[in-house]
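The structure appears below as structure tokens.
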Amino acid sequence: MRLFLFILFLTAALFFASGCNREQQPLPIMGTIDKDFRFTNQDNQVVTADTFKDKVYVADFFFTSCPTICPIMKSQMVRVYEAFLGEPELLLLSHSIDPDHDTVAVLHNFAEGLEVDSEKWHFVTGDKEAIYAMAKHYMLGVKEEKQAPGGYIHSGSFCLIDRQGGIRGYYDGTDTDEVDQLIADLRQLLDE
Amino acid sequence: MNRQPVQRAGGIFSLVLIIFLYCQPVQASGNGDRLFKASCAQCHGAQGQGFRKLYPPLTGSTVLAAQPSRLPCLIRFGIKGRFRTATGRLNLSMPGNPWLKEGELTELINYLRSRFTTSPAPSVTMEQVAGWLKGCP
């Protein structure tokens, strides 16, 4: 009996010890964002690839009049925003896929409605072709579709990009559990 | 045994039951909730609580409570520009729901008014909704 208890104790000790020493697995690298861009944010400031140089950031595509997935995406992105409010190395980048409607003024009102800091969360508009080209570069689907509610179909994914422009993950921006994972992965990436 | 009185009673009962069921008013019975979830909850929240200053709450809405005549146009065609809500003024747009038929609009409006107003709000009828829609800008 004593021998059995000793072996049980030893097994448990080894198990927990291996867990404590286990290193986190690095996030995979799924691609690279190395295409320059030039858009305008909600404060009428020019935003380029340089804005995100040496930063970790999360990118998505949306439009302000979207009646379906965008409201949920924005409420989930607000969770990311609030989790890293005091972290200067983390930025957010939301591209409008309806730049004709989503002018700087519209984006400004939208950002004000969300009560977020423009230095941290950029809502950008610009040339439509250039925005759609960036979506393709991020490997996120975006399409104008008159039959769809709001007139567009687009991916609800959030894309995580590291300091070197490496794509480190895609997360369903409408799913709380996946955004929980994004927040955990962001912490890991920012600690690297 | 004389079955005629029993059969007659059964027939009268069935007839009364059929008339009773046929004459029941159209209840939301889940359809109002379904329409709310499909058309409103994404932005205004499952509890009508709104979201920050972006999507105003439905709870406490003066338009819902006191201005039902504005609701059909607002819900079907959306809003653009400045709009006063319970939490302040907004300068945003709300997408419309042009696919909602008059019957659905009626059910949705009655559901919203019964769920999100504090004092009892009289039901609106489809005839009223049809009339208010004619006046949409």
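So you can find residues: chains in the structure tokens are A, B, ... in the order shown, residues in each start at 1, and ligands are numbered from 1 in order.
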Near chain A, 10 Å: chain B residue rows, closest pairs, only C-alpha atoms, as JSON lines:
{"residue": "B:Ala38", "atom": "CA", "partner": "A:Thr68", "partner_atom": "CA", "distance": 8.8}
{"residue": "B:Ser39", "atom": "CA", "partner": "A:Pro67", "partner_atom": "CA", "distance": 8.0}
{"residue": "B:Cys40", "atom": "CA", "partner": "A:Pro67", "partner_atom": "CA", "distance": 8.7}
{"residue": "B:Ala41", "atom": "CA", "partner": "A:Pro71", "partner_atom": "CA", "distance": 9.7}
{"residue": "B:Gln42", "atom": "CA", "partner": "A:Pro71", "partner_atom": "CA", "distance": 6.2}
{"residue": "B:Cys43", "atom": "CA", "partner": "A:Pro71", "partner_atom": "CA", "distance": 5.5}
{"residue": "B:His44", "atom": "CA", "partner": "A:Pro71", "partner_atom": "CA", "distance": 9.0}
{"residue": "B:Gly45", "atom": "CA", "partner": "A:Ile72", "partner_atom": "CA", "distance": 9.4}
{"residue": "B:Phe51", "atom": "CA", "partner": "A:Ser75", "partner_atom": "CA", "distance": 7.8}
{"residue": "B:Arg52", "atom": "CA", "partner": "A:Leu114", "partner_atom": "CA", "distance": 5.9}
{"residue": "B:Lys53", "atom": "CA", "partner": "A:Gly113", "partner_atom": "CA", "distance": 4.4}
{"residue": "B:Leu54", "atom": "CA", "partner": "A:Gly113", "partner_atom": "CA", "distance": 4.1}
{"residue": "B:Tyr55", "atom": "CA", "partner": "A:Gly113", "partner_atom": "CA", "distance": 7.9}
{"residue": "B:Pro56", "atom": "CA", "partner": "A:Gly113", "partner_atom": "CA", "distance": 9.7}
{"residue": "B:Gly81", "atom": "CA", "partner": "A:Val106", "partner_atom": "CA", "distance": 10.0}
{"residue": "B:Leu90", "atom": "CA", "partner": "A:Gly113", "partner_atom": "CA", "distance": 7.9}
{"residue": "B:Asn91", "atom": "CA", "partner": "A:Asn109", "partner_atom": "CA", "distance": 6.6}
{"residue": "B:Leu92", "atom": "CA", "partner": "A:Asn109", "partner_atom": "CA", "distance": 6.7}
{"residue": "B:Ser93", "atom": "CA", "partner": "A:Ser65", "partner_atom": "CA", "distance": 6.9}
{"residue": "B:Met94", "atom": "CA", "partner": "A:Ser65", "partner_atom": "CA", "distance": 6.8}
{"residue": "B:Pro95", "atom": "CA", "partner": "A:Ser65", "partner_atom": "CA", "distance": 5.9}
{"residue": "B:Gly96", "atom": "CA", "partner": "A:Pro67", "partner_atom": "CA", "distance": 8.7}
{"residue": "B:Asn97", "atom": "CA", "partner": "A:Pro149", "partner_atom": "CA", "distance": 8.9}
All residues 10 Å or closer to Thr125 in chain B, only C-alpha atoms, same chain fewer than 2 positions away omitted, as number ranges by chain: B: 102-103, 105-107, 109-110, 122-123, 127-131
Give me the residues within 10 Å of Arg70 in chain B as a PDB file with C-alpha atoms, in the first residue's frame, counting only C-alpha atoms and dropping any in the same chain fewer than 6 places off.
ATOM      1  CA  VAL B  63     -39.982  56.453 -29.598  1.00  0.00           C
ATOM      2  CA  LEU B  64     -41.029  52.909 -28.738  1.00  0.00           C
ATOM      3  CA  VAL B 129     -48.907  50.265 -39.732  1.00  0.00           C
ATOM      4  CA  TRP B 132     -48.052  55.085 -41.226  1.00  0.00           C
ATOM      5  CA  LEU B 133     -45.910  53.509 -43.951  1.00  0.00           C
ATOM      6  CA  GLY B 135     -46.338  58.707 -44.784  1.00  0.00           C
ATOM      7  CA  CYS B 136     -42.691  57.638 -44.807  1.00  0.00           C
TER       8      CYS B 136
END
All residues 9 Å or closer to Gly126 in chain A, only C-alpha atoms, same chain fewer than 6 positions away omitted, as a list in words: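 Counting only C-alpha atoms, the residues come to Arg38, Phe39, Thr40, Asn41, His95, Ser96, Pro99, Asp100 and Thr103 of chain A.
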Best match for closeness to Val58 in chain A among A:Ala130, A:Ile153, A:Val78, A:Val142, counting only C-alpha atoms: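 Ranking A:Ala130, A:Ile153, A:Val78, A:Val142 by distance to Val58 in chain A, first place goes to A:Val78.
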Among listed residues A:Phe4, A:Phe62, A:His108, A:Glu178, nearest Gln45 in chain A (using only C-alpha atoms):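 Closest to Gln45 in chain A, using only C-alpha atoms: A:His108.
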Residue nearest Asp162 in chain A among A:Met1, A:Leu189, A:Met30, A:Met139 (counting only C-alpha atoms):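 Among A:Met1, A:Leu189, A:Met30, A:Met139, it is A:Leu189 that comes nearest to Asp162 in chain A.
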Among chain A, which residues does DSSP mark as strand (DSSP E) when it is run on the backbone? Keep the chain and numbering as in the structure and answer as a short mmCIF file (atom, residue, chain, number, x, y, z; two decimals) with all heavy atoms, in the first residue's frame.
data_model
loop_
_atom_site.label_atom_id
_atom_site.label_comp_id
_atom_site.auth_asym_id
_atom_site.auth_seq_id
_atom_site.Cartn_x
_atom_site.Cartn_y
_atom_site.Cartn_z
N GLY A 31 1.78 33.29 -43.03
CA GLY A 31 1.99 34.12 -44.21
C GLY A 31 2.65 35.41 -43.76
O GLY A 31 3.02 35.56 -42.59
N THR A 32 2.80 36.34 -44.70
CA THR A 32 3.46 37.61 -44.38
C THR A 32 2.67 38.76 -44.97
O THR A 32 2.22 38.70 -46.14
CB THR A 32 4.88 37.64 -44.97
OG1 THR A 32 5.58 36.47 -44.55
CG2 THR A 32 5.64 38.87 -44.48
N ARG A 38 -1.89 52.81 -48.27
CA ARG A 38 -2.05 54.21 -47.86
C ARG A 38 -3.54 54.49 -47.73
O ARG A 38 -4.23 54.66 -48.73
CB ARG A 38 -1.40 55.14 -48.88
CG ARG A 38 -1.34 56.58 -48.43
CD ARG A 38 -0.71 57.44 -49.53
NE ARG A 38 -0.71 58.84 -49.16
CZ ARG A 38 0.24 59.42 -48.40
NH1 ARG A 38 1.26 58.72 -47.98
NH2 ARG A 38 0.16 60.70 -48.09
N PHE A 39 -4.02 54.53 -46.52
CA PHE A 39 -5.43 54.79 -46.27
C PHE A 39 -5.54 55.99 -45.32
O PHE A 39 -4.53 56.51 -44.84
CB PHE A 39 -6.10 53.56 -45.66
CG PHE A 39 -6.03 52.33 -46.53
CD1 PHE A 39 -5.64 51.09 -46.01
CD2 PHE A 39 -6.36 52.39 -47.88
CE1 PHE A 39 -5.56 49.96 -46.81
CE2 PHE A 39 -6.28 51.27 -48.70
CZ PHE A 39 -5.88 50.05 -48.16
N THR A 40 -6.79 56.39 -45.06
CA THR A 40 -7.03 57.52 -44.17
C THR A 40 -7.89 57.04 -43.01
O THR A 40 -8.88 56.33 -43.23
CB THR A 40 -7.76 58.65 -44.92
OG1 THR A 40 -7.04 58.95 -46.10
CG2 THR A 40 -7.86 59.91 -44.06
N VAL A 46 -3.20 59.99 -42.32
CA VAL A 46 -2.77 58.95 -43.27
C VAL A 46 -2.21 57.77 -42.47
O VAL A 46 -1.46 57.94 -41.52
CB VAL A 46 -1.68 59.52 -44.22
CG1 VAL A 46 -1.07 58.40 -45.04
CG2 VAL A 46 -2.29 60.59 -45.11
N VAL A 47 -2.63 56.60 -42.88
CA VAL A 47 -2.20 55.36 -42.23
C VAL A 47 -1.54 54.49 -43.29
O VAL A 47 -2.14 54.24 -44.35
CB VAL A 47 -3.41 54.63 -41.60
CG1 VAL A 47 -3.05 53.23 -41.12
CG2 VAL A 47 -3.98 55.44 -40.44
N THR A 48 -0.31 54.07 -43.03
CA THR A 48 0.40 53.22 -43.99
C THR A 48 0.94 52.00 -43.25
O THR A 48 0.73 51.85 -42.03
CB THR A 48 1.57 53.97 -44.64
OG1 THR A 48 2.56 54.23 -43.62
CG2 THR A 48 1.12 55.29 -45.26
N VAL A 56 2.53 44.79 -32.90
CA VAL A 56 1.62 43.65 -33.08
C VAL A 56 0.25 44.27 -33.35
O VAL A 56 -0.13 45.24 -32.69
CB VAL A 56 1.57 42.79 -31.79
CG1 VAL A 56 0.51 41.71 -31.91
CG2 VAL A 56 2.95 42.18 -31.52
N TYR A 57 -0.43 43.75 -34.34
CA TYR A 57 -1.76 44.33 -34.58
C TYR A 57 -2.76 43.29 -35.05
O TYR A 57 -2.40 42.18 -35.46
CB TYR A 57 -1.69 45.53 -35.54
CG TYR A 57 -1.39 45.22 -36.99
CD1 TYR A 57 -2.41 45.15 -37.94
CD2 TYR A 57 -0.07 45.07 -37.43
CE1 TYR A 57 -2.13 44.92 -39.28
CE2 TYR A 57 0.21 44.83 -38.77
CZ TYR A 57 -0.82 44.77 -39.69
OH TYR A 57 -0.55 44.53 -41.02
N VAL A 58 -4.03 43.67 -34.92
CA VAL A 58 -5.15 42.81 -35.35
C VAL A 58 -5.90 43.57 -36.43
O VAL A 58 -6.23 44.77 -36.25
CB VAL A 58 -6.10 42.50 -34.17
CG1 VAL A 58 -7.24 41.59 -34.64
CG2 VAL A 58 -5.33 41.84 -33.03
N ALA A 59 -6.14 42.90 -37.54
CA ALA A 59 -6.81 43.55 -38.67
C ALA A 59 -8.12 42.85 -38.99
O ALA A 59 -8.26 41.63 -38.80
CB ALA A 59 -5.90 43.52 -39.90
N ASP A 60 -9.08 43.63 -39.46
CA ASP A 60 -10.33 43.04 -39.96
C ASP A 60 -10.91 43.94 -41.04
O ASP A 60 -10.38 45.03 -41.31
CB ASP A 60 -11.33 42.78 -38.82
CG ASP A 60 -11.96 44.06 -38.28
OD1 ASP A 60 -11.46 45.16 -38.55
OD2 ASP A 60 -12.98 43.94 -37.56
N PHE A 61 -12.00 43.48 -41.64
CA PHE A 61 -12.69 44.21 -42.70
C PHE A 61 -14.17 44.26 -42.36
O PHE A 61 -14.75 43.25 -41.94
CB PHE A 61 -12.45 43.52 -44.06
CG PHE A 61 -11.03 43.65 -44.52
CD1 PHE A 61 -10.03 42.83 -44.00
CD2 PHE A 61 -10.66 44.62 -45.44
CE1 PHE A 61 -8.70 42.97 -44.39
CE2 PHE A 61 -9.33 44.77 -45.83
CZ PHE A 61 -8.35 43.95 -45.30
N PHE A 62 -14.76 45.44 -42.54
CA PHE A 62 -16.15 45.62 -42.11
C PHE A 62 -16.75 46.79 -42.90
O PHE A 62 -16.11 47.34 -43.80
CB PHE A 62 -16.17 45.95 -40.60
CG PHE A 62 -15.94 47.41 -40.29
CD1 PHE A 62 -16.95 48.18 -39.73
CD2 PHE A 62 -14.74 48.04 -40.61
CE1 PHE A 62 -16.77 49.54 -39.47
CE2 PHE A 62 -14.54 49.39 -40.36
CZ PHE A 62 -15.57 50.15 -39.78
N LEU A 90 0.41 47.24 -29.12
CA LEU A 90 -0.70 46.56 -29.78
C LEU A 90 -1.62 47.58 -30.43
O LEU A 90 -2.07 48.54 -29.78
CB LEU A 90 -1.48 45.73 -28.74
CG LEU A 90 -2.58 44.76 -29.18
CD1 LEU A 90 -3.89 45.46 -29.47
CD2 LEU A 90 -2.18 43.90 -30.36
N LEU A 91 -1.87 47.41 -31.72
CA LEU A 91 -2.78 48.30 -32.44
C LEU A 91 -3.88 47.48 -33.10
O LEU A 91 -3.75 46.27 -33.30
CB LEU A 91 -2.02 49.08 -33.52
CG LEU A 91 -0.91 50.02 -33.05
CD1 LEU A 91 -0.23 50.67 -34.26
CD2 LEU A 91 -1.46 51.09 -32.12
N LEU A 92 -4.97 48.16 -33.47
CA LEU A 92 -6.08 47.53 -34.18
C LEU A 92 -6.30 48.28 -35.49
O LEU A 92 -6.19 49.52 -35.53
CB LEU A 92 -7.35 47.57 -33.33
CG LEU A 92 -7.24 46.98 -31.92
CD1 LEU A 92 -8.56 47.16 -31.17
CD2 LEU A 92 -6.88 45.50 -31.98
N LEU A 93 -6.66 47.53 -36.53
CA LEU A 93 -6.84 48.14 -37.86
C LEU A 93 -8.09 47.56 -38.50
O LEU A 93 -8.12 46.38 -38.86
CB LEU A 93 -5.62 47.85 -38.73
CG LEU A 93 -5.68 48.27 -40.20
CD1 LEU A 93 -5.94 49.77 -40.35
CD2 LEU A 93 -4.38 47.88 -40.91
N SER A 94 -9.12 48.39 -38.61
CA SER A 94 -10.37 47.96 -39.25
C SER A 94 -10.53 48.70 -40.57
O SER A 94 -10.56 49.92 -40.59
CB SER A 94 -11.57 48.27 -38.34
OG SER A 94 -11.56 47.44 -37.19
N HIS A 95 -10.61 47.94 -41.66
CA HIS A 95 -10.74 48.53 -42.99
C HIS A 95 -12.20 48.56 -43.41
O HIS A 95 -12.90 47.54 -43.30
CB HIS A 95 -10.03 47.66 -44.04
CG HIS A 95 -8.61 47.32 -43.75
ND1 HIS A 95 -8.24 46.39 -42.80
CD2 HIS A 95 -7.46 47.77 -44.31
CE1 HIS A 95 -6.92 46.28 -42.80
NE2 HIS A 95 -6.42 47.10 -43.70
N SER A 96 -12.65 49.68 -43.93
CA SER A 96 -14.01 49.72 -44.46
C SER A 96 -14.03 49.21 -45.89
O SER A 96 -13.24 49.65 -46.73
CB SER A 96 -14.58 51.13 -44.44
OG SER A 96 -15.80 51.13 -45.19
N TRP A 121 -6.89 52.35 -32.27
CA TRP A 121 -7.77 51.61 -33.17
C TRP A 121 -8.07 52.48 -34.38
O TRP A 121 -8.78 53.47 -34.28
CB TRP A 121 -9.06 51.23 -32.44
CG TRP A 121 -9.93 50.26 -33.17
CD1 TRP A 121 -9.85 49.87 -34.49
CD2 TRP A 121 -11.05 49.55 -32.62
NE1 TRP A 121 -10.84 48.98 -34.79
CE2 TRP A 121 -11.59 48.74 -33.67
CE3 TRP A 121 -11.65 49.49 -31.37
CZ2 TRP A 121 -12.70 47.91 -33.49
CZ3 TRP A 121 -12.76 48.66 -31.18
CH2 TRP A 121 -13.27 47.88 -32.24
N HIS A 122 -7.48 52.10 -35.50
CA HIS A 122 -7.62 52.85 -36.74
C HIS A 122 -8.76 52.26 -37.56
O HIS A 122 -8.73 51.08 -37.90
CB HIS A 122 -6.33 52.79 -37.56
CG HIS A 122 -5.15 53.39 -36.86
ND1 HIS A 122 -4.83 54.73 -36.96
CD2 HIS A 122 -4.23 52.83 -36.05
CE1 HIS A 122 -3.75 54.97 -36.24
NE2 HIS A 122 -3.37 53.84 -35.67
N PHE A 123 -9.74 53.12 -37.89
CA PHE A 123 -10.79 52.75 -38.84
C PHE A 123 -10.42 53.47 -40.14
O PHE A 123 -10.34 54.69 -40.17
CB PHE A 123 -12.16 53.23 -38.36
CG PHE A 123 -12.61 52.54 -37.11
CD1 PHE A 123 -12.26 53.02 -35.86
CD2 PHE A 123 -13.38 51.39 -37.18
CE1 PHE A 123 -12.67 52.38 -34.70
CE2 PHE A 123 -13.80 50.75 -36.02
CZ PHE A 123 -13.45 51.24 -34.78
N VAL A 124 -10.16 52.70 -41.20
CA VAL A 124 -9.62 53.34 -42.40
C VAL A 124 -10.54 53.23 -43.59
O VAL A 124 -11.29 52.26 -43.76
CB VAL A 124 -8.21 52.80 -42.75
CG1 VAL A 124 -7.23 53.09 -41.62
CG2 VAL A 124 -8.24 51.33 -43.10
N VAL A 142 -13.74 39.29 -49.26
CA VAL A 142 -14.56 40.51 -49.29
C VAL A 142 -15.18 40.60 -50.68
O VAL A 142 -14.48 40.42 -51.67
CB VAL A 142 -13.67 41.75 -49.05
CG1 VAL A 142 -14.37 43.01 -49.48
CG2 VAL A 142 -13.27 41.86 -47.60
N LYS A 143 -16.48 40.87 -50.74
CA LYS A 143 -17.11 40.92 -52.06
C LYS A 143 -18.33 41.82 -52.01
O LYS A 143 -19.12 41.77 -51.06
CB LYS A 143 -17.53 39.51 -52.46
CG LYS A 143 -17.98 39.38 -53.89
CD LYS A 143 -18.39 37.95 -54.18
CE LYS A 143 -18.99 37.91 -55.58
NZ LYS A 143 -19.90 36.86 -55.81
N GLU A 144 -18.48 42.62 -53.04
CA GLU A 144 -19.69 43.41 -53.15
C GLU A 144 -20.78 42.48 -53.68
O GLU A 144 -20.58 41.79 -54.68
CB GLU A 144 -19.47 44.58 -54.12
CG GLU A 144 -20.56 45.62 -54.05
CD GLU A 144 -20.12 46.95 -54.65
OE1 GLU A 144 -18.96 47.06 -55.11
OE2 GLU A 144 -20.93 47.87 -54.67
N TYR A 152 -22.86 43.71 -49.10
CA TYR A 152 -21.51 43.15 -49.13
C TYR A 152 -21.48 41.83 -48.37
O TYR A 152 -22.24 41.60 -47.43
CB TYR A 152 -20.50 44.11 -48.46
CG TYR A 152 -20.33 45.42 -49.17
CD1 TYR A 152 -21.13 46.52 -48.85
CD2 TYR A 152 -19.39 45.57 -50.19
CE1 TYR A 152 -20.99 47.72 -49.53
CE2 TYR A 152 -19.24 46.77 -50.85
CZ TYR A 152 -20.04 47.84 -50.52
OH TYR A 152 -19.91 49.03 -51.19
N ILE A 153 -20.56 40.97 -48.81
CA ILE A 153 -20.25 39.75 -48.05
C ILE A 153 -18.78 39.86 -47.66
O ILE A 153 -17.95 40.27 -48.50
CB ILE A 153 -20.42 38.49 -48.92
CG1 ILE A 153 -21.84 38.40 -49.46
CG2 ILE A 153 -20.10 37.23 -48.13
CD1 ILE A 153 -22.02 37.27 -50.44
N HIS A 154 -18.47 39.55 -46.43
CA HIS A 154 -17.07 39.63 -46.05
C HIS A 154 -16.77 38.67 -44.91
O HIS A 154 -17.67 38.24 -44.17
CB HIS A 154 -16.68 41.05 -45.65
CG HIS A 154 -17.40 41.55 -44.44
ND1 HIS A 154 -16.88 41.50 -43.17
CD2 HIS A 154 -18.63 42.11 -44.30
CE1 HIS A 154 -17.75 42.02 -42.31
NE2 HIS A 154 -18.82 42.39 -42.97
N SER A 157 -13.42 37.24 -39.88
CA SER A 157 -12.20 36.85 -39.15
C SER A 157 -11.36 38.04 -38.73
O SER A 157 -11.31 39.06 -39.42
CB SER A 157 -11.32 35.95 -40.03
OG SER A 157 -11.93 34.71 -40.22
N PHE A 158 -10.70 37.87 -37.62
CA PHE A 158 -9.66 38.80 -37.17
C PHE A 158 -8.32 38.16 -37.51
O PHE A 158 -8.13 36.96 -37.26
CB PHE A 158 -9.72 39.02 -35.65
CG PHE A 158 -10.96 39.71 -35.16
CD1 PHE A 158 -11.34 39.63 -33.82
CD2 PHE A 158 -11.77 40.46 -36.01
CE1 PHE A 158 -12.48 40.26 -33.34
CE2 PHE A 158 -12.91 41.09 -35.55
CZ PHE A 158 -13.27 40.99 -34.21
N CYS A 159 -7.43 38.96 -38.04
CA CYS A 159 -6.12 38.44 -38.43
C CYS A 159 -5.07 39.03 -37.50
O CYS A 159 -5.00 40.25 -37.32
CB CYS A 159 -5.86 38.86 -39.89
SG CYS A 159 -4.34 38.22 -40.57
N LEU A 160 -4.25 38.15 -36.92
CA LEU A 160 -3.22 38.59 -35.98
C LEU A 160 -1.88 38.67 -36.68
O LEU A 160 -1.43 37.70 -37.29
CB LEU A 160 -3.14 37.58 -34.82
CG LEU A 160 -2.01 37.69 -33.82
CD1 LEU A 160 -1.94 39.09 -33.20
CD2 LEU A 160 -2.14 36.64 -32.72
N ILE A 161 -1.25 39.82 -36.61
CA ILE A 161 0.04 40.04 -37.30
C ILE A 161 1.09 40.44 -36.27
O ILE A 161 0.84 41.29 -35.42
CB ILE A 161 -0.10 41.15 -38.37
CG1 ILE A 161 -1.13 40.71 -39.42
CG2 ILE A 161 1.22 41.41 -39.08
CD1 ILE A 161 -2.48 41.31 -39.26
N GLY A 166 4.43 38.97 -39.81
CA GLY A 166 4.02 37.57 -39.97
C GLY A 166 2.57 37.39 -39.52
O GLY A 166 2.17 37.90 -38.48
N ILE A 167 1.81 36.67 -40.33
CA ILE A 167 0.43 36.35 -39.95
C ILE A 167 0.49 35.17 -38.99
O ILE A 167 0.96 34.09 -39.34
CB ILE A 167 -0.42 35.97 -41.18
CG1 ILE A 167 -0.50 37.15 -42.16
CG2 ILE A 167 -1.83 35.56 -40.75
CD1 ILE A 167 -1.21 36.80 -43.48
N ARG A 168 0.02 35.38 -37.77
CA ARG A 168 0.17 34.36 -36.74
C ARG A 168 -1.14 33.67 -36.35
O ARG A 168 -1.13 32.74 -35.53
CB ARG A 168 0.81 34.96 -35.49
CG ARG A 168 2.09 35.72 -35.75
CD ARG A 168 3.16 34.87 -36.46
NE ARG A 168 3.66 33.82 -35.60
CZ ARG A 168 4.69 33.97 -34.75
NH1 ARG A 168 5.29 35.14 -34.64
NH2 ARG A 168 5.10 32.94 -34.01
N GLY A 169 -2.25 34.14 -36.91
CA GLY A 169 -3.51 33.46 -36.59
C GLY A 169 -4.71 34.15 -37.19
O GLY A 169 -4.66 35.35 -37.50
N TYR A 170 -5.76 33.36 -37.36
CA TYR A 170 -7.07 33.87 -37.77
C TYR A 170 -8.07 33.43 -36.72
O TYR A 170 -8.04 32.28 -36.27
CB TYR A 170 -7.47 33.29 -39.14
CG TYR A 170 -6.67 33.81 -40.30
CD1 TYR A 170 -5.53 33.13 -40.75
CD2 TYR A 170 -7.03 34.99 -40.94
CE1 TYR A 170 -4.79 33.62 -41.82
CE2 TYR A 170 -6.30 35.47 -42.02
CZ TYR A 170 -5.17 34.78 -42.45
OH TYR A 170 -4.45 35.27 -43.50
N TYR A 171 -8.96 34.33 -36.37
CA TYR A 171 -9.91 34.03 -35.30
C TYR A 171 -11.29 34.53 -35.75
O TYR A 171 -11.40 35.63 -36.28
CB TYR A 171 -9.50 34.75 -34.01
CG TYR A 171 -8.06 34.50 -33.63
CD1 TYR A 171 -7.04 35.22 -34.24
CD2 TYR A 171 -7.72 33.52 -32.72
CE1 TYR A 171 -5.71 34.98 -33.94
CE2 TYR A 171 -6.38 33.28 -32.39
CZ TYR A 171 -5.39 34.02 -33.02
OH TYR A 171 -4.06 33.77 -32.71
N ASP A 172 -12.29 33.72 -35.49
CA ASP A 172 -13.66 34.12 -35.86
C ASP A 172 -14.09 35.27 -34.97
O ASP A 172 -14.28 35.11 -33.75
CB ASP A 172 -14.60 32.91 -35.69
CG ASP A 172 -16.03 33.23 -36.07
OD1 ASP A 172 -16.35 34.42 -36.30
OD2 ASP A 172 -16.84 32.30 -36.11
#
CA of Ala46 in chain B to CA of Ala184 in chain A, distance in Å rounded to a single decimal: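 Going from CA of Ala46 in chain B over to CA of Ala184 in chain A, I get 26.6 Å.
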Which of range 42-126 of chain B DSSP labels alpha helix (DSSP H), written as a ChimeraX atom specification: /B:42-44,62-66,71-77,102-116,126
Gap from CA of Glu87 in chain A to CA of Asp102 in chain A - Å, one decimal: 28.1 Å
Residue contacts of Thr118 in chain B (10 Å, only C-alpha atoms) excluding same-chain residues fewer than 4 positions away, as an MDAnalysis selection string: chainID B and resid 59:61 65 113:114
Once you have the residues from the selection above, write them out as a PDB file, in the first residue's frame, restricted to N, CA, C and O atoms.
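Final output, selection_22.pdb:
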ATOM      1  N   THR B  59     -34.455  49.635 -24.415  1.00  0.00           N
ATOM      2  CA  THR B  59     -35.095  49.852 -23.111  1.00  0.00           C
ATOM      3  C   THR B  59     -35.076  51.350 -22.822  1.00  0.00           C
ATOM      4  O   THR B  59     -34.051  52.014 -22.980  1.00  0.00           O
ATOM      5  N   GLY B  60     -36.213  51.862 -22.451  1.00  0.00           N
ATOM      6  CA  GLY B  60     -36.308  53.284 -22.165  1.00  0.00           C
ATOM      7  C   GLY B  60     -36.476  54.153 -23.385  1.00  0.00           C
ATOM      8  O   GLY B  60     -36.437  55.383 -23.303  1.00  0.00           O
ATOM      9  N   SER B  61     -36.636  53.539 -24.553  1.00  0.00           N
ATOM     10  CA  SER B  61     -36.786  54.333 -25.782  1.00  0.00           C
ATOM     11  C   SER B  61     -38.122  55.080 -25.776  1.00  0.00           C
ATOM     12  O   SER B  61     -39.181  54.479 -25.659  1.00  0.00           O
ATOM     13  N   ALA B  65     -42.082  53.893 -26.815  1.00  0.00           N
ATOM     14  CA  ALA B  65     -43.171  54.046 -25.847  1.00  0.00           C
ATOM     15  C   ALA B  65     -44.248  55.002 -26.353  1.00  0.00           C
ATOM     16  O   ALA B  65     -45.440  54.728 -26.225  1.00  0.00           O
ATOM     17  N   ARG B 113     -42.661  46.881 -28.177  1.00  0.00           N
ATOM     18  CA  ARG B 113     -43.349  47.737 -27.210  1.00  0.00           C
ATOM     19  C   ARG B 113     -43.742  46.955 -25.950  1.00  0.00           C
ATOM     20  O   ARG B 113     -43.735  47.494 -24.854  1.00  0.00           O
ATOM     21  N   SER B 114     -44.050  45.688 -26.112  1.00  0.00           N
ATOM     22  CA  SER B 114     -44.423  44.913 -24.921  1.00  0.00           C
ATOM     23  C   SER B 114     -43.193  44.539 -24.112  1.00  0.00           C
ATOM     24  O   SER B 114     -43.242  44.428 -22.892  1.00  0.00           O
TER      25      SER B 114
END
